[in-house]
file query-v2.pdb (PDB, C-alpha atoms)
MODEL        1
ATOM      1  CA  MET A   6     214.752   2.610 125.634  1.00  0.00           C
ATOM      2  CA  GLY A   7     212.790   5.870 125.541  1.00  0.00           C
ATOM      3  CA  ASP A   8     209.018   6.159 125.440  1.00  0.00           C
ATOM      4  CA  THR A   9     208.450   4.138 122.270  1.00  0.00           C
ATOM      5  CA  VAL A  10     207.715   0.433 122.572  1.00  0.00           C
ATOM      6  CA  SER A  11     207.262  -1.638 119.429  1.00  0.00           C
ATOM      7  CA  VAL A  12     205.590  -4.978 120.051  1.00  0.00           C
ATOM      8  CA  GLN A  13     203.845  -7.621 117.975  1.00  0.00           C
ATOM      9  CA  HIS A  14     200.507  -8.703 119.379  1.00  0.00           C
ATOM     10  CA  PRO A  15     199.517 -12.405 119.369  1.00  0.00           C
ATOM     11  CA  GLU A  16     197.221 -13.548 116.583  1.00  0.00           C
ATOM     12  CA  PRO A  17     193.568 -13.673 117.748  1.00  0.00           C
ATOM     13  CA  GLY A  18     193.163 -17.296 116.752  1.00  0.00           C
ATOM     14  CA  ARG A  19     196.123 -18.633 118.708  1.00  0.00           C
ATOM     15  CA  GLY A  20     194.409 -18.772 122.054  1.00  0.00           C
ATOM     16  CA  VAL A  21     195.447 -17.487 125.442  1.00  0.00           C
ATOM     17  CA  LEU A  22     198.625 -18.265 127.336  1.00  0.00           C
ATOM     18  CA  ARG A  23     198.016 -19.615 130.817  1.00  0.00           C
ATOM     19  CA  PRO A  24     200.888 -18.836 133.175  1.00  0.00           C
ATOM     20  CA  VAL A  25     202.190 -21.865 135.026  1.00  0.00           C
ATOM     21  CA  PRO A  26     203.675 -22.144 138.500  1.00  0.00           C
ATOM     22  CA  GLY A  27     207.337 -21.293 138.300  1.00  0.00           C
ATOM     23  CA  SER A  28     206.827 -18.339 135.946  1.00  0.00           C
ATOM     24  CA  LEU A  29     206.060 -16.097 138.932  1.00  0.00           C
ATOM     25  CA  ASP A  30     209.666 -15.664 140.066  1.00  0.00           C
ATOM     26  CA  ARG A  31     210.812 -15.200 136.476  1.00  0.00           C
ATOM     27  CA  THR A  32     208.322 -12.433 135.731  1.00  0.00           C
ATOM     28  CA  ALA A  33     209.270 -10.650 138.952  1.00  0.00           C
ATOM     29  CA  GLU A  34     212.950 -10.858 138.034  1.00  0.00           C
ATOM     30  CA  LEU A  35     212.295  -9.577 134.516  1.00  0.00           C
ATOM     31  CA  LEU A  36     210.130  -6.719 135.751  1.00  0.00           C
ATOM     32  CA  GLY A  37     212.878  -5.672 138.145  1.00  0.00           C
ATOM     33  CA  ARG A  38     215.323  -5.568 135.248  1.00  0.00           C
ATOM     34  CA  CYS A  39     212.802  -3.554 133.200  1.00  0.00           C
ATOM     35  CA  ALA A  40     212.772  -1.003 135.989  1.00  0.00           C
ATOM     36  CA  ARG A  41     216.528  -0.639 135.466  1.00  0.00           C
ATOM     37  CA  GLY A  42     216.060  -0.039 131.726  1.00  0.00           C
ATOM     38  CA  ASP A  43     216.906  -3.518 130.429  1.00  0.00           C
ATOM     39  CA  ASP A  44     215.417  -3.774 126.900  1.00  0.00           C
ATOM     40  CA  GLY A  45     216.124  -7.490 126.648  1.00  0.00           C
ATOM     41  CA  ALA A  46     214.293  -8.209 129.885  1.00  0.00           C
ATOM     42  CA  PHE A  47     211.311  -6.253 128.589  1.00  0.00           C
ATOM     43  CA  ALA A  48     211.229  -8.278 125.381  1.00  0.00           C
ATOM     44  CA  GLU A  49     211.305 -11.534 127.350  1.00  0.00           C
ATOM     45  CA  PHE A  50     208.663 -10.248 129.766  1.00  0.00           C
ATOM     46  CA  TYR A  51     206.440  -9.391 126.809  1.00  0.00           C
ATOM     47  CA  ASP A  52     206.932 -12.825 125.230  1.00  0.00           C
ATOM     48  CA  LEU A  53     206.080 -14.518 128.520  1.00  0.00           C
ATOM     49  CA  THR A  54     202.941 -12.523 129.316  1.00  0.00           C
ATOM     50  CA  SER A  55     201.485 -10.842 126.227  1.00  0.00           C
ATOM     51  CA  ALA A  56     199.217 -13.620 124.972  1.00  0.00           C
ATOM     52  CA  ARG A  57     197.436 -13.756 128.320  1.00  0.00           C
ATOM     53  CA  VAL A  58     197.138  -9.961 128.463  1.00  0.00           C
ATOM     54  CA  TYR A  59     195.856  -9.746 124.889  1.00  0.00           C
ATOM     55  CA  GLY A  60     193.238 -12.420 125.624  1.00  0.00           C
ATOM     56  CA  LEU A  61     192.055 -10.552 128.713  1.00  0.00           C
ATOM     57  CA  VAL A  62     191.788  -7.262 126.814  1.00  0.00           C
ATOM     58  CA  LEU A  63     189.983  -8.923 123.909  1.00  0.00           C
ATOM     59  CA  ARG A  64     187.310 -10.289 126.276  1.00  0.00           C
ATOM     60  CA  VAL A  65     186.624  -6.733 127.432  1.00  0.00           C
ATOM     61  CA  VAL A  66     186.832  -4.692 124.219  1.00  0.00           C
ATOM     62  CA  ARG A  67     185.493  -7.411 121.844  1.00  0.00           C
ATOM     63  CA  ALA A  68     187.453  -6.151 118.825  1.00  0.00           C
ATOM     64  CA  PRO A  69     190.821  -7.680 117.809  1.00  0.00           C
ATOM     65  CA  ASP A  70     192.277  -4.478 116.321  1.00  0.00           C
ATOM     66  CA  LEU A  71     191.279  -2.461 119.363  1.00  0.00           C
ATOM     67  CA  ALA A  72     192.591  -5.164 121.701  1.00  0.00           C
ATOM     68  CA  ALA A  73     195.953  -5.064 119.896  1.00  0.00           C
ATOM     69  CA  GLU A  74     196.110  -1.282 120.290  1.00  0.00           C
ATOM     70  CA  VAL A  75     195.230  -1.422 123.979  1.00  0.00           C
ATOM     71  CA  THR A  76     197.749  -4.221 124.562  1.00  0.00           C
ATOM     72  CA  GLN A  77     200.523  -2.061 123.116  1.00  0.00           C
ATOM     73  CA  GLU A  78     199.470   0.792 125.421  1.00  0.00           C
ATOM     74  CA  ILE A  79     199.580  -1.587 128.371  1.00  0.00           C
ATOM     75  CA  TYR A  80     203.140  -2.651 127.659  1.00  0.00           C
ATOM     76  CA  LEU A  81     204.224   0.934 127.181  1.00  0.00           C
ATOM     77  CA  GLU A  82     202.801   1.598 130.634  1.00  0.00           C
ATOM     78  CA  VAL A  83     204.595  -1.488 131.983  1.00  0.00           C
ATOM     79  CA  TRP A  84     207.891  -0.151 130.650  1.00  0.00           C
ATOM     80  CA  GLN A  85     207.284   3.321 132.072  1.00  0.00           C
ATOM     81  CA  THR A  86     205.961   2.251 135.488  1.00  0.00           C
ATOM     82  CA  SER A  87     207.756  -1.031 136.217  1.00  0.00           C
ATOM     83  CA  ALA A  88     209.700   0.632 139.025  1.00  0.00           C
ATOM     84  CA  ARG A  89     206.415   1.230 140.867  1.00  0.00           C
ATOM     85  CA  TYR A  90     205.605  -2.467 141.211  1.00  0.00           C
ATOM     86  CA  ARG A  91     205.622  -3.566 144.857  1.00  0.00           C
ATOM     87  CA  PRO A  92     205.887  -7.344 145.475  1.00  0.00           C
ATOM     88  CA  GLU A  93     204.294  -6.984 148.914  1.00  0.00           C
ATOM     89  CA  ARG A  94     201.036  -5.925 147.238  1.00  0.00           C
ATOM     90  CA  GLY A  95     200.760  -9.072 145.123  1.00  0.00           C
ATOM     91  CA  SER A  96     202.338 -11.062 142.315  1.00  0.00           C
ATOM     92  CA  VAL A  97     203.404  -9.622 138.982  1.00  0.00           C
ATOM     93  CA  TRP A  98     200.498 -11.456 137.337  1.00  0.00           C
ATOM     94  CA  ALA A  99     197.982  -9.795 139.678  1.00  0.00           C
ATOM     95  CA  TRP A 100     199.554  -6.378 139.044  1.00  0.00           C
ATOM     96  CA  LEU A 101     199.631  -6.910 135.291  1.00  0.00           C
ATOM     97  CA  THR A 102     196.076  -8.224 134.961  1.00  0.00           C
ATOM     98  CA  THR A 103     194.751  -5.364 137.079  1.00  0.00           C
ATOM     99  CA  LEU A 104     196.582  -2.849 134.893  1.00  0.00           C
ATOM    100  CA  ALA A 105     195.302  -4.549 131.730  1.00  0.00           C
ATOM    101  CA  HIS A 106     191.720  -4.715 132.955  1.00  0.00           C
ATOM    102  CA  ARG A 107     191.745  -1.033 133.905  1.00  0.00           C
ATOM    103  CA  ARG A 108     193.162  -0.018 130.527  1.00  0.00           C
ATOM    104  CA  ALA A 109     190.628  -2.137 128.641  1.00  0.00           C
ATOM    105  CA  VAL A 110     187.673  -0.797 130.620  1.00  0.00           C
ATOM    106  CA  ASP A 111     188.908   2.785 130.162  1.00  0.00           C
ATOM    107  CA  ARG A 112     189.071   2.231 126.411  1.00  0.00           C
ATOM    108  CA  VAL A 113     185.548   0.811 126.276  1.00  0.00           C
ATOM    109  CA  ARG A 114     184.299   3.849 128.167  1.00  0.00           C
ATOM    110  CA  SER A 115     186.205   6.164 125.836  1.00  0.00           C
ATOM    111  CA  VAL A 116     184.722   4.498 122.752  1.00  0.00           C
ATOM    112  CA  GLU A 117     181.274   4.682 124.297  1.00  0.00           C
ATOM    113  CA  ARG A 118     181.702   8.399 125.028  1.00  0.00           C
ATOM    114  CA  GLU A 119     182.709   8.998 121.412  1.00  0.00           C
ATOM    115  CA  ARG A 120     179.683   7.050 120.223  1.00  0.00           C
ATOM    116  CA  GLN A 121     177.431   9.082 122.479  1.00  0.00           C
ATOM    117  CA  ARG A 122     178.919  12.327 121.195  1.00  0.00           C
ATOM    118  CA  ASP A 123     178.248  11.214 117.629  1.00  0.00           C
ATOM    119  CA  THR A 124     174.694  10.327 118.586  1.00  0.00           C
ATOM    120  CA  ARG A 125     174.149  13.707 120.225  1.00  0.00           C
ATOM    121  CA  TRP A 126     175.447  15.486 117.169  1.00  0.00           C
ATOM    122  CA  ALA A 127     172.894  13.497 115.200  1.00  0.00           C
ATOM    123  CA  GLY A 128     170.127  15.079 117.254  1.00  0.00           C
ATOM    124  CA  ASP A 129     169.849  13.566 120.743  1.00  0.00           C
ATOM    125  CA  GLU A 130     167.740  15.635 123.111  1.00  0.00           C
ATOM    126  CA  LEU A 131     169.347  17.457 126.043  1.00  0.00           C
ATOM    127  CA  GLU A 132     167.534  15.297 128.595  1.00  0.00           C
ATOM    128  CA  THR A 133     169.060  12.136 127.145  1.00  0.00           C
ATOM    129  CA  GLU A 134     172.495  13.733 127.380  1.00  0.00           C
ATOM    130  CA  ARG A 135     171.942  14.534 131.043  1.00  0.00           C
ATOM    131  CA  ASP A 136     170.816  10.978 131.762  1.00  0.00           C
ATOM    132  CA  GLN A 137     173.898   9.519 130.059  1.00  0.00           C
ATOM    133  CA  THR A 138     176.214  11.882 131.931  1.00  0.00           C
ATOM    134  CA  TRP A 139     174.675  10.863 135.246  1.00  0.00           C
ATOM    135  CA  GLN A 140     174.999   7.172 134.403  1.00  0.00           C
ATOM    136  CA  GLN A 141     178.654   7.668 133.537  1.00  0.00           C
ATOM    137  CA  ALA A 142     179.237   9.522 136.802  1.00  0.00           C
ATOM    138  CA  GLU A 143     177.570   6.743 138.790  1.00  0.00           C
ATOM    139  CA  SER A 144     179.667   4.118 136.998  1.00  0.00           C
ATOM    140  CA  SER A 145     182.865   6.053 137.669  1.00  0.00           C
ATOM    141  CA  LEU A 146     182.010   6.513 141.347  1.00  0.00           C
ATOM    142  CA  GLU A 147     181.209   2.820 141.737  1.00  0.00           C
ATOM    143  CA  ALA A 148     184.532   1.837 140.182  1.00  0.00           C
ATOM    144  CA  GLU A 149     186.328   4.206 142.552  1.00  0.00           C
ATOM    145  CA  ARG A 150     184.518   2.674 145.543  1.00  0.00           C
ATOM    146  CA  VAL A 151     185.608  -0.792 144.467  1.00  0.00           C
ATOM    147  CA  ARG A 152     189.227   0.358 144.138  1.00  0.00           C
ATOM    148  CA  ARG A 153     189.108   1.884 147.614  1.00  0.00           C
ATOM    149  CA  GLY A 154     187.512  -1.264 148.951  1.00  0.00           C
ATOM    150  CA  MET A 155     190.248  -3.446 147.446  1.00  0.00           C
ATOM    151  CA  ASP A 156     192.841  -1.316 149.238  1.00  0.00           C
ATOM    152  CA  GLU A 157     191.205  -2.286 152.546  1.00  0.00           C
ATOM    153  CA  LEU A 158     191.834  -6.005 151.988  1.00  0.00           C
ATOM    154  CA  THR A 159     194.897  -7.944 153.029  1.00  0.00           C
ATOM    155  CA  GLY A 160     197.492  -8.528 150.339  1.00  0.00           C
ATOM    156  CA  LEU A 161     196.524 -12.191 150.020  1.00  0.00           C
ATOM    157  CA  GLN A 162     192.804 -11.444 149.716  1.00  0.00           C
ATOM    158  CA  ARG A 163     193.394  -8.693 147.177  1.00  0.00           C
ATOM    159  CA  GLU A 164     195.708 -10.807 145.027  1.00  0.00           C
ATOM    160  CA  ALA A 165     193.294 -13.753 144.839  1.00  0.00           C
ATOM    161  CA  LEU A 166     190.386 -11.486 143.884  1.00  0.00           C
ATOM    162  CA  GLN A 167     192.443  -9.573 141.297  1.00  0.00           C
ATOM    163  CA  LEU A 168     193.483 -12.769 139.566  1.00  0.00           C
ATOM    164  CA  ALA A 169     189.956 -14.212 139.629  1.00  0.00           C
ATOM    165  CA  TYR A 170     187.884 -11.161 138.695  1.00  0.00           C
ATOM    166  CA  TYR A 171     190.311  -9.037 136.663  1.00  0.00           C
ATOM    167  CA  GLY A 172     192.356 -11.871 135.186  1.00  0.00           C
ATOM    168  CA  GLY A 173     189.488 -14.284 134.578  1.00  0.00           C
ATOM    169  CA  TYR A 174     191.136 -17.243 136.310  1.00  0.00           C
ATOM    170  CA  THR A 175     189.216 -20.058 137.982  1.00  0.00           C
ATOM    171  CA  GLN A 176     189.828 -20.716 141.663  1.00  0.00           C
ATOM    172  CA  GLN A 177     191.882 -23.786 140.732  1.00  0.00           C
ATOM    173  CA  GLN A 178     194.041 -21.716 138.378  1.00  0.00           C
ATOM    174  CA  VAL A 179     194.522 -19.040 141.043  1.00  0.00           C
ATOM    175  CA  ALA A 180     195.660 -21.758 143.447  1.00  0.00           C
ATOM    176  CA  SER A 181     198.172 -23.004 140.862  1.00  0.00           C
ATOM    177  CA  LEU A 182     199.476 -19.507 140.138  1.00  0.00           C
ATOM    178  CA  LEU A 183     199.917 -18.642 143.807  1.00  0.00           C
ATOM    179  CA  GLU A 184     201.172 -22.152 144.619  1.00  0.00           C
ATOM    180  CA  VAL A 185     198.799 -22.577 147.556  1.00  0.00           C
ATOM    181  CA  PRO A 186     196.046 -25.143 148.302  1.00  0.00           C
ATOM    182  CA  LEU A 187     192.668 -24.652 146.635  1.00  0.00           C
ATOM    183  CA  GLY A 188     190.987 -24.443 150.031  1.00  0.00           C
ATOM    184  CA  THR A 189     193.236 -21.529 150.977  1.00  0.00           C
ATOM    185  CA  VAL A 190     192.267 -19.650 147.816  1.00  0.00           C
ATOM    186  CA  LYS A 191     188.566 -20.249 148.462  1.00  0.00           C
ATOM    187  CA  SER A 192     188.815 -18.932 152.007  1.00  0.00           C
ATOM    188  CA  ARG A 193     190.846 -15.896 150.883  1.00  0.00           C
ATOM    189  CA  MET A 194     188.268 -15.029 148.257  1.00  0.00           C
ATOM    190  CA  ARG A 195     185.323 -15.615 150.587  1.00  0.00           C
ATOM    191  CA  ASP A 196     186.825 -13.460 153.347  1.00  0.00           C
ATOM    192  CA  GLY A 197     187.912 -10.818 150.837  1.00  0.00           C
ATOM    193  CA  LEU A 198     184.454 -10.560 149.273  1.00  0.00           C
ATOM    194  CA  THR A 199     182.882 -10.312 152.720  1.00  0.00           C
ATOM    195  CA  ARG A 200     185.275  -7.508 153.667  1.00  0.00           C
ATOM    196  CA  LEU A 201     184.774  -5.742 150.333  1.00  0.00           C
ATOM    197  CA  ARG A 202     180.989  -5.897 150.728  1.00  0.00           C
ATOM    198  CA  ASP A 203     181.255  -4.385 154.229  1.00  0.00           C
ATOM    199  CA  VAL A 204     183.482  -1.577 152.964  1.00  0.00           C
ATOM    200  CA  LEU A 205     181.167  -0.750 150.061  1.00  0.00           C
ATOM    201  CA  ARG A 206     178.158  -0.761 152.368  1.00  0.00           C
ATOM    202  CA  GLY A 207     179.997   1.646 154.640  1.00  0.00           C
ATOM    203  CA  ASP A 208     180.541   4.019 151.685  1.00  0.00           C
ATOM    204  CA  HIS A 209     176.785   4.207 151.203  1.00  0.00           C
ATOM    205  CA  ASP A 210     176.010   4.916 154.875  1.00  0.00           C
TER
ENDMDL
END
call {"tool": "encode", "arguments": {"input": "query-v2.pdb", "output": "structure tokens"}}
result
Amino acid sequence: MGDTVSVQHPEPGRGVLRPVPGSLDRTAELLGRCARGDDGAFAEFYDLTSARVYGLVLRVVRAPDLAAEVTQEIYLEVWQTSARYRPERGSVWAWLTTLAHRRAVDRVRSVERERQRDTRWAGDELETERDQTWQQAESSLEAERVRRGMDELTGLQREALQLAYYGGYTQQQVASLLEVPLGTVKSRMRDGLTRLRDVLRGDHD
């Protein structure tokens, strides 16, 4: 298929697709075929998941045109990196929403950096520039700590938290997606947050 992916993003007014139980195995199958270069599987994977991804990105970047651009970048990355997906680390939906959230946040930061550069060219003082650089560094370090902390969790804890906090799902929706009882999801998330807090505290010691 090469490195060019042409996709049509969902219209902003059409709402967000909510994956239903039963789509999990299908997305995993399609992603496996994508990894083998199957264009048709990629097209079906996009149709099945893109509305949800676009909605997630739009919540982060707040601009439909920008969300459409980021969504296309996400699916290019899906096509290029599908072989790296590891089922033992979580469902396809958890992997995809994490990838989408990271891309969207990176774009917001990039836009903000451009805005700050424009502001500096307009006459910002050097001290303001230093303050902004330090804030960006702190933000980047905090994000890296969270990523390291997530790696310390069990696969089940990490998947529940990824779907809830990166994907924007409620606990009930996470339970439906993972096809487990709501009480199990609540305990996974509670234990995962406790573990994540302990890890992050340890980074500051």
call {"tool": "residues_around", "arguments": {"input": "query-v2.pdb", "residues": "Arg202 of chain A", "least_positions_apart": "2", "cutoff": "12 Å", "atoms": "only C-alpha atoms", "output": "list in words"}}
result
Arg150, Val151, Arg153, Gly154, Met155, Glu157, Leu158, Met194, Arg195, Asp196, Gly197, Leu198, Thr199, Arg200, Val204, Leu205, Arg206, Gly207, Asp208 and His209 of chain A
call {"tool": "write_last_selection", "arguments": {"input": "query-v2.pdb", "atoms": "C-alpha atoms", "output": "PDB file, in the coordinates of the input"}}
result
ATOM      1  CA  ARG A 150     184.518   2.674 145.543  1.00  0.00           C
ATOM      2  CA  VAL A 151     185.608  -0.792 144.467  1.00  0.00           C
ATOM      3  CA  ARG A 153     189.108   1.884 147.614  1.00  0.00           C
ATOM      4  CA  GLY A 154     187.512  -1.264 148.951  1.00  0.00           C
ATOM      5  CA  MET A 155     190.248  -3.446 147.446  1.00  0.00           C
ATOM      6  CA  GLU A 157     191.205  -2.286 152.546  1.00  0.00           C
ATOM      7  CA  LEU A 158     191.834  -6.005 151.988  1.00  0.00           C
ATOM      8  CA  MET A 194     188.268 -15.029 148.257  1.00  0.00           C
ATOM      9  CA  ARG A 195     185.323 -15.615 150.587  1.00  0.00           C
ATOM     10  CA  ASP A 196     186.825 -13.460 153.347  1.00  0.00           C
ATOM     11  CA  GLY A 197     187.912 -10.818 150.837  1.00  0.00           C
ATOM     12  CA  LEU A 198     184.454 -10.560 149.273  1.00  0.00           C
ATOM     13  CA  THR A 199     182.882 -10.312 152.720  1.00  0.00           C
ATOM     14  CA  ARG A 200     185.275  -7.508 153.667  1.00  0.00           C
ATOM     15  CA  VAL A 204     183.482  -1.577 152.964  1.00  0.00           C
ATOM     16  CA  LEU A 205     181.167  -0.750 150.061  1.00  0.00           C
ATOM     17  CA  ARG A 206     178.158  -0.761 152.368  1.00  0.00           C
ATOM     18  CA  GLY A 207     179.997   1.646 154.640  1.00  0.00           C
ATOM     19  CA  ASP A 208     180.541   4.019 151.685  1.00  0.00           C
ATOM     20  CA  HIS A 209     176.785   4.207 151.203  1.00  0.00           C
TER      21      HIS A 209
END
call {"tool": "residues_near_point", "arguments": {"input": "query-v2.pdb", "point": "(215.6, -7.3, 135.5)", "cutoff": "12 Å", "atoms": "all atoms listed in the file", "output": "PyMOL selection string"}}
result
chain A and resi 30-50+84+87-88
call {"tool": "resolve_selection", "arguments": {"input": "query-v2.pdb", "expression": "the PyMOL selection byres ((chain A and resi 178) around 12)", "output": "ChimeraX atom specification"}}
result
/A:23-26,165,168-169,172-177,179-187,190-191
call {"tool": "axis_aligned_box", "arguments": {"input": "query-v2.pdb", "around": "segment 54-59 of chain A", "padding_each_side": "5 Å", "output": "lines of an AutoDock Vina configuration file"}}
result
center_x = 199.4
center_y = -11.8
center_z = 127.1
size_x = 17.1
size_y = 14.0
size_z = 14.4
call {"tool": "closest_residue", "arguments": {"input": "query-v2.pdb", "among": "A:Tyr51, A:Glu93, A:Ala109, A:Ala99", "to": "Leu81 of chain A", "atoms": "all atoms listed in the file"}}
result
A:Tyr51
call {"tool": "residues_around", "arguments": {"input": "query-v2.pdb", "residues": "Glu164 of chain A", "least_positions_apart": "5", "cutoff": "8 Å", "atoms": "all atoms listed in the file", "output": "PyMOL selection string"}}
result
chain A and resi 94-96+99
call {"tool": "write_last_selection", "arguments": {"input": "query-v2.pdb", "atoms": "C-alpha atoms", "output": "mmCIF file, in the coordinates of the input"}}
result
data_model
loop_
_atom_site.group_PDB
_atom_site.id
_atom_site.type_symbol
_atom_site.label_atom_id
_atom_site.label_comp_id
_atom_site.auth_asym_id
_atom_site.auth_seq_id
_atom_site.Cartn_x
_atom_site.Cartn_y
_atom_site.Cartn_z
ATOM 1 C CA ARG A 94 201.036 -5.925 147.238
ATOM 2 C CA GLY A 95 200.760 -9.072 145.123
ATOM 3 C CA SER A 96 202.338 -11.062 142.315
ATOM 4 C CA ALA A 99 197.982 -9.795 139.678
#
call {"tool": "atom_distance", "arguments": {"input": "query-v2.pdb", "atom1": "atom CA of Ser115 of chain A", "atom2": "atom CA of Leu53 of chain A"}}
result
28.8 Å
call {"tool": "residues_around", "arguments": {"input": "query-v2.pdb", "residues": "segment 59-64 of chain A", "least_positions_apart": "5", "cutoff": "7 Å", "atoms": "all atoms listed in the file", "output": "list in words"}}
result
Val21, Pro69, Ala72, Ala73, Thr76, Ala105, His106, Ala109 and Gly172 of chain A
call {"tool": "write_last_selection", "arguments": {"input": "query-v2.pdb", "atoms": "C-alpha atoms", "output": "PDB file, keeping the file's coordinate frame"}}
result
ATOM      1  CA  VAL A  21     195.447 -17.487 125.442  1.00  0.00           C
ATOM      2  CA  PRO A  69     190.821  -7.680 117.809  1.00  0.00           C
ATOM      3  CA  ALA A  72     192.591  -5.164 121.701  1.00  0.00           C
ATOM      4  CA  ALA A  73     195.953  -5.064 119.896  1.00  0.00           C
ATOM      5  CA  THR A  76     197.749  -4.221 124.562  1.00  0.00           C
ATOM      6  CA  ALA A 105     195.302  -4.549 131.730  1.00  0.00           C
ATOM      7  CA  HIS A 106     191.720  -4.715 132.955  1.00  0.00           C
ATOM      8  CA  ALA A 109     190.628  -2.137 128.641  1.00  0.00           C
ATOM      9  CA  GLY A 172     192.356 -11.871 135.186  1.00  0.00           C
TER      10      GLY A 172
END
call {"tool": "atom_distance", "arguments": {"input": "query-v2.pdb", "atom1": "atom CA of Ser192 of chain A", "atom2": "atom CA of Arg163 of chain A"}}
result
12.2 Å
call {"tool": "resolve_selection", "arguments": {"input": "query-v2.pdb", "expression": "the PyMOL selection byres ((chain A and resi 104) around 10)", "output": "JSON, numbers by chain"}}
result
{"A": [58, 79, 80, 82, 83, 98, 99, 100, 101, 102, 103, 105, 106, 107, 108, 109, 171, 172]}
call {"tool": "residues_around", "arguments": {"input": "query-v2.pdb", "residues": "Val113 of chain A", "least_positions_apart": "5", "cutoff": "9 Å", "atoms": "only C-alpha atoms", "output": "list in words"}}
result
Val65, Val66, Arg108 and Arg118 of chain A
call {"tool": "closest_residue", "arguments": {"input": "query-v2.pdb", "among": "A:Thr54, A:Gln77, A:Gln85, A:Thr189", "to": "Leu161 of chain A", "atoms": "all atoms listed in the file"}}
result
A:Thr189
call {"tool": "atom_distance", "arguments": {"input": "query-v2.pdb", "atom1": "atom CA of Arg152 of chain A", "atom2": "atom CA of Pro92 of chain A"}}
result
18.4 Å
